[in-house]
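K.L.:
So that we are looking at the same thing, I have put the structure below in structure tokens.
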Amino acid sequence: MLTDLRLKNFIIVPELEINFSEGLQVITGETGAGKSIIVGAIDIIFGAEIQADIRLDEKHKTILEATFDIRKSKLELKELLEKHAVDQKENELFFTKEIDENLRSKIFLNGRRISIPIAKEFREKLIDFHSQRDQQKLFDQEYQLEILDHYGGLLKQRKDFEADLADFQEKKEKLLNLKKEDQENRERIELYDYQLNELENVALQKGEDEVLKNDIDLLSNAEIILQKSSEIEQRVFEEENSVYDVIGNFVKELEPFAGKDDHLQSALSFLRDALSNLDEAVQSLLDLSDFIDVDQERKEKLEQRFDEINKLLQKYKKTIPEILAYQEKIRQEIKSYSSQKEKISQLEKKLTEKENNLWKKAVKLSGKRKKAAARFEKEIAENIRKLAIPEAKVKIRFDKESGGKVFLSRDISLKKSGIDVVDYLFSANRGVKMQPFRMIASGGEVSRFLLTVKKILSDRMEKRTIIFDEIDQGIGGKTSQLLADFIHRIGDFHQIICITHLPQIAAAADDHYSIQKNNVGKNSNVTIKKLNKDKRQKEIARMLAGSKTKRALEHAAELLGKKRSQL
């Protein structure tokens with residue numbers, strides 16, 4: 001609820017403050033008195049376009065402030081406050097708009113600067129402008145569907161469906177990305193498959209190339225090595241005066257003198273070691289024949305293996321350790337790709353299940369809407385007939401949403417509100433075929449239609465401030481009283497700020513404000529006053545007759561008395 005509005009240096013207002021209460025708040029005044037300034041200020045605070053002549057004194061800033069009591073606000077506003085981390089302890093929201101000499105502006109919420117898009121978010125939750133511009137929303141089919149969902153009490157079900165659809169679309173986008181990655185990676189993985197198969201068939205072992213090289217060298221020189229081994233054995237052991245015999249004899253000859261001298265003892269020790277080493281050396285050479293032989297077939301096999309390995313090293317331009325590391329890397333890549341294929345398969349199954357659930361929810365929501373629409377049509381027609389359209393007929397037509405495919409397997413389109421597109425069909429005259437409301441409704445009919453809708457929805461909508469800006473144009477006689485009753489009924493559930501020329505609406509007000517434009521020298525300024533009972537009667541008399549005649553005053557008293565009797 002808007003509790004305070006303060007204007008400073010705004011158009012023809014040096015400084016002005018208005019305090020509003022609950023219920024129907026009416027502002028009246030002569031034509032040109034500046035009533036639209038009030039609505040314009042509220043609109044600008046919440047991000048409306050700023051005109052060049054907005055400042056009364058161009059040397060100073062324009063400051064516009066609005067205070068809202070949010071104690072009776074419900075979930076939607078609280079969610080918005082939490083979204084933007086606004087402190088709710090004081091149960092009040094203070095909006096301040098500052099406009100400097102260059103028409104640059106700043107908006108503050110509870111002292112913290114906010115952007116225009118955020119201000120407009122709060123505008124949607126706090127204020128409902130019932131002006132000619134806002135009436136155009138009624139031509140929008142999305143808005144028409146939203147109205148129907150308000151009426152049918154389907155907003156929670158619609159919100160749940162929207163969340164489910166968003167989750168579905170997020171997962172669908174993920175699936176499309178996975179499939180795109182799968183397509184992009186397919187050729188690379190096919191190459192990896194080929195390479196891994198090739199490497200696993202070769203079955204490289206770390207250091208295998210060095211071992212093969214040594215074995216091939218041994219086999220290539222096996223005949224020479226074995227020949228020399230035999231020759232060494234003969235010369236060391238078997239020949240007359242062999243090396244072993246000569247050294248052994250020297251040892252025998254010197255042993256009697258071993259204890260005579262340390263040098264001799266040491267020499268004998270070395271000679272004995274030489275005999276032992278010769279024995280070991282020849283034995284090792286003899287043992288070599290068990291490991292190598294002149295085997296051309298084995299040599300060829302080893303050479304074939306060595307060539308196979310070398311070709312692989314040259315092809316990959318890597319060493320064996322590097323190839324083994326690469327082999328493990330591509331094995332993991334292939335494994336990861338297989339895992340991604342499994343993810344795609346599982347996600348497709350989940351999306352199919354979600355698709356079926358979404359379809360069921362969309363059909364269920366559509367069914368409830370159609371039942372609500374049948375009741376809503378009747379209520380709108382009954383109420384709008386009371387506003388001087390006695391032959392009014394209303395029909396809500398349902399069509400299926402068309403456009404891009406949302407589902408995987410169903411040739412059906414969805415939007416966040418479901419499968420439905422609605423169109424309000426309307427006829428104001430007997431015998432005239434009903435047509436889409438946006439095509440045939442006049443300005444007065446649009447205003448009355450929207451007013452009727454708001455009256456019907458008044459106890460279903462979250463509390464807010466509804467601003468009626470001269471919606472009474474073209475209305476008079478008995479319809480004026482019906483319009484006043486409509487607006488007052490809405491005021492039972494919402495705060496109404498109504499700028500009007502109709503005395504019937506003024507008489508129905510809970511609080512009545514009179515606005516006046518005063519000429520002071522070369523300048524004009526605006527004042528606004530809350531009227532007491534006596535002044536209120538005089539203002540309504542002026543609205544009735546243009547003057548405060550006795551008859552006009554009596555008529556004003558009658559209107560005020562009627563309002564009191566209704567209460």
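Every chain in the structure tokens takes a letter, A first, then B, and so on in the order presented; its residues are numbered from 1, and the ligands are numbered from 1 following the presented order.
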Fewer than 3 positions away in the same chain doesn't count, so skip those; otherwise give me all residues within 7 Å of Ile116 in chain A, counting only C-alpha atoms, as a list in words.
P.N.:
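In the requested form, the answer reads Gly47, Ala119 and Lys120 of chain A.
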K.L.:
Please provide as a PyMOL selection string all residues within 6 Å of range 106-112 of chain A, with the sequence filter that same-chain residues fewer than 3 positions apart are discarded (counting only C-alpha atoms).
P.N.:
chain A and resi 94-98
K.L.:
Dump C-alpha atoms for the selected residues as a PDB file, in the first residue's frame?
P.N.:
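Writing done, so here's out25.pdb:
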```
ATOM      1  CA  PHE A  94      11.209   3.717   0.366  1.00  0.00           C
ATOM      2  CA  PHE A  95      11.698   4.526  -3.314  1.00  0.00           C
ATOM      3  CA  THR A  96      13.556   7.728  -4.205  1.00  0.00           C
ATOM      4  CA  LYS A  97      14.115   9.087  -7.717  1.00  0.00           C
ATOM      5  CA  GLU A  98      16.679  11.875  -8.162  1.00  0.00           C
TER       6      GLU A  98
END
```
K.L.:
Quote the spacing between CA of Lys371 in chain A and CA of Arg464 in chain A in Å to one decimal place.
P.N.:
27.7 Å
K.L.:
Check the smallest atom-to-atom distance from each of A:Asn185, A:Ala166, A:Gly153, A:Ile127 to Ser336 in chain A using only C-alpha atoms, then report the winner.
P.N.:
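Nearest candidate to Ser336 in chain A out of A:Asn185, A:Ala166, A:Gly153, A:Ile127: A:Asn185.
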K.L.:
Enumerate, as number ranges by chain, the complete set of residues in range 18-194 of chain A that a backbone-based DSSP assignment places in strand (DSSP E or B).
P.N.:
A: 18-19, 24-28, 55, 62-69, 92-99, 105-109, 112-114, 127-130
K.L.:
Using only C-alpha atoms for the distances, tell me which of A:Asn9, A:Thr527, A:Ser242, A:Asn357 is nearest to Thr28 in chain A.
P.N.:
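That would be A:Thr527, the residue with the smallest distance to Thr28 in chain A.
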K.L.:
Between A:Lys8, A:Lys61, A:His263, A:Lys533, which is the closest to Ile38 in chain A once you count only C-alpha atoms?
P.N.:
A:Lys8
K.L.:
In range 512-562 of chain A, what's alpha helix (DSSP H) per DSSP? Answer as a list in words?
P.N.:
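Result set for range 512-562 of chain A (alpha helix (DSSP H)): Lys533, Asp534, Lys535, Arg536, Gln537, Lys538, Glu539, Ile540, Ala541, Arg542, Met543, Leu544, Ala545, Lys550, Arg551, Ala552, Leu553, Glu554, His555, Ala556, Ala557, Glu558, Leu559, Leu560, Gly561 and Lys562 of chain A.
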K.L.:
Write out the residues from the selection above, keeping N, CA and C atoms, as an mmCIF file, in the first residue's frame.
P.N.:
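Final output, part-v7.cif:
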```cif
data_model
loop_
_atom_site.group_PDB
_atom_site.id
_atom_site.type_symbol
_atom_site.label_atom_id
_atom_site.label_comp_id
_atom_site.auth_asym_id
_atom_site.auth_seq_id
_atom_site.Cartn_x
_atom_site.Cartn_y
_atom_site.Cartn_z
ATOM 1 N N LYS A 533 -15.689 16.368 5.733
ATOM 2 C CA LYS A 533 -17.054 16.091 5.274
ATOM 3 C C LYS A 533 -17.666 17.291 4.570
ATOM 4 N N ASP A 534 -17.523 18.469 5.145
ATOM 5 C CA ASP A 534 -18.163 19.665 4.581
ATOM 6 C C ASP A 534 -17.521 20.038 3.244
ATOM 7 N N LYS A 535 -16.209 20.074 3.195
ATOM 8 C CA LYS A 535 -15.522 20.450 1.960
ATOM 9 C C LYS A 535 -15.719 19.392 0.873
ATOM 10 N N ARG A 536 -15.857 18.180 1.323
ATOM 11 C CA ARG A 536 -16.083 17.102 0.368
ATOM 12 C C ARG A 536 -17.443 17.284 -0.320
ATOM 13 N N GLN A 537 -18.447 17.662 0.469
ATOM 14 C CA GLN A 537 -19.785 17.891 -0.097
ATOM 15 C C GLN A 537 -19.730 19.014 -1.128
ATOM 16 N N LYS A 538 -18.978 20.063 -0.811
ATOM 17 C CA LYS A 538 -18.878 21.208 -1.721
ATOM 18 C C LYS A 538 -18.148 20.814 -3.003
ATOM 19 N N GLU A 539 -17.102 19.983 -2.899
ATOM 20 C CA GLU A 539 -16.340 19.560 -4.088
ATOM 21 C C GLU A 539 -17.195 18.681 -4.991
ATOM 22 N N ILE A 540 -17.985 17.797 -4.377
ATOM 23 C CA ILE A 540 -18.859 16.937 -5.176
ATOM 24 C C ILE A 540 -19.949 17.771 -5.845
ATOM 25 N N ALA A 541 -20.445 18.805 -5.131
ATOM 26 C CA ALA A 541 -21.439 19.722 -5.728
ATOM 27 C C ALA A 541 -20.837 20.420 -6.947
ATOM 28 N N ARG A 542 -19.586 20.848 -6.836
ATOM 29 C CA ARG A 542 -18.913 21.490 -7.985
ATOM 30 C C ARG A 542 -18.815 20.523 -9.156
ATOM 31 N N MET A 543 -18.502 19.249 -8.841
ATOM 32 C CA MET A 543 -18.378 18.251 -9.894
ATOM 33 C C MET A 543 -19.729 17.983 -10.559
ATOM 34 N N LEU A 544 -20.814 18.085 -9.785
ATOM 35 C CA LEU A 544 -22.161 17.830 -10.313
ATOM 36 C C LEU A 544 -22.650 18.977 -11.198
ATOM 37 N N ALA A 545 -22.463 20.194 -10.717
ATOM 38 C CA ALA A 545 -23.111 21.325 -11.390
ATOM 39 C C ALA A 545 -22.157 22.413 -11.844
ATOM 40 N N LYS A 550 -27.525 25.320 -4.099
ATOM 41 C CA LYS A 550 -28.219 24.565 -3.053
ATOM 42 C C LYS A 550 -28.611 23.188 -3.554
ATOM 43 N N ARG A 551 -29.110 23.153 -4.758
ATOM 44 C CA ARG A 551 -29.548 21.864 -5.316
ATOM 45 C C ARG A 551 -28.361 20.922 -5.496
ATOM 46 N N ALA A 552 -27.240 21.489 -5.967
ATOM 47 C CA ALA A 552 -26.048 20.673 -6.167
ATOM 48 C C ALA A 552 -25.538 20.135 -4.840
ATOM 49 N N LEU A 553 -25.599 20.996 -3.797
ATOM 50 C CA LEU A 553 -25.150 20.556 -2.478
ATOM 51 C C LEU A 553 -26.055 19.448 -1.934
ATOM 52 N N GLU A 554 -27.358 19.584 -2.193
ATOM 53 C CA GLU A 554 -28.289 18.552 -1.734
ATOM 54 C C GLU A 554 -28.032 17.219 -2.444
ATOM 55 N N HIS A 555 -27.759 17.334 -3.754
ATOM 56 C CA HIS A 555 -27.466 16.129 -4.534
ATOM 57 C C HIS A 555 -26.167 15.482 -4.037
ATOM 58 N N ALA A 556 -25.179 16.328 -3.715
ATOM 59 C CA ALA A 556 -23.899 15.826 -3.195
ATOM 60 C C ALA A 556 -24.108 15.115 -1.870
ATOM 61 N N ALA A 557 -24.946 15.719 -1.009
ATOM 62 C CA ALA A 557 -25.229 15.108 0.290
ATOM 63 C C ALA A 557 -25.919 13.763 0.102
ATOM 64 N N GLU A 558 -26.795 13.699 -0.924
ATOM 65 C CA GLU A 558 -27.506 12.450 -1.211
ATOM 66 C C GLU A 558 -26.532 11.354 -1.638
ATOM 67 N N LEU A 559 -25.579 11.746 -2.473
ATOM 68 C CA LEU A 559 -24.579 10.760 -2.930
ATOM 69 C C LEU A 559 -23.727 10.268 -1.767
ATOM 70 N N LEU A 560 -23.319 11.199 -0.920
ATOM 71 C CA LEU A 560 -22.503 10.829 0.242
ATOM 72 C C LEU A 560 -23.313 9.975 1.206
ATOM 73 N N GLY A 561 -24.567 10.282 1.362
ATOM 74 C CA GLY A 561 -25.417 9.496 2.242
ATOM 75 C C GLY A 561 -25.599 8.089 1.722
ATOM 76 N N LYS A 562 -25.712 7.972 0.401
ATOM 77 C CA LYS A 562 -25.847 6.651 -0.202
ATOM 78 C C LYS A 562 -24.613 5.809 0.054
#
```
K.L.:
Kindly indicate which residue among A:Asn214, A:Asn525, A:Gln141, A:Gln195 lies nearest to Lys299 in chain A, using only C-alpha atoms for the distances.
P.N.:
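When distances to Lys299 in chain A are compared using only C-alpha atoms, the smallest one comes from A:Asn214.
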K.L.:
Which one is closest to Gln516 in chain A: A:Ile320, A:Val282, A:Ile27, A:Leu64? Count only C-alpha atoms.
P.N.:
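Comparing A:Ile320, A:Val282, A:Ile27, A:Leu64 against Gln516 in chain A, the winner is A:Ile27.
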K.L.:
For Asp140 in chain A, find every residue with an atom within 12 Å (counting only C-alpha atoms), except residues of its own chain fewer than 6 positions away, and show them as a PyMOL selection string.
P.N.:
chain A and resi 134+146-147+421-424+436-439
K.L.:
Would you list the contacts of Glu92 in chain A as a list in words, taking every protein, DNA or RNA residue within 8 Å and counting only C-alpha atoms, but skipping same-chain residues closer than 6 positions in sequence?
P.N.:
Thr67, Phe68, Asp69, Ile70 and Arg71 of chain A
K.L.:
Output the selection as a compact mmCIF listing (two decimals), in the first residue's frame - C-alpha atoms for each residue.
P.N.:
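Result written to part_38.txt:
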```txt
# COMPACT_ATOMS: atom_id res chain seq x y z
CA THR A 67 6.75 4.90 0.64
CA PHE A 68 4.93 1.56 0.70
CA ASP A 69 3.63 -0.40 3.66
CA ILE A 70 4.27 -4.08 2.87
CA ARG A 71 2.95 -5.71 6.05
```
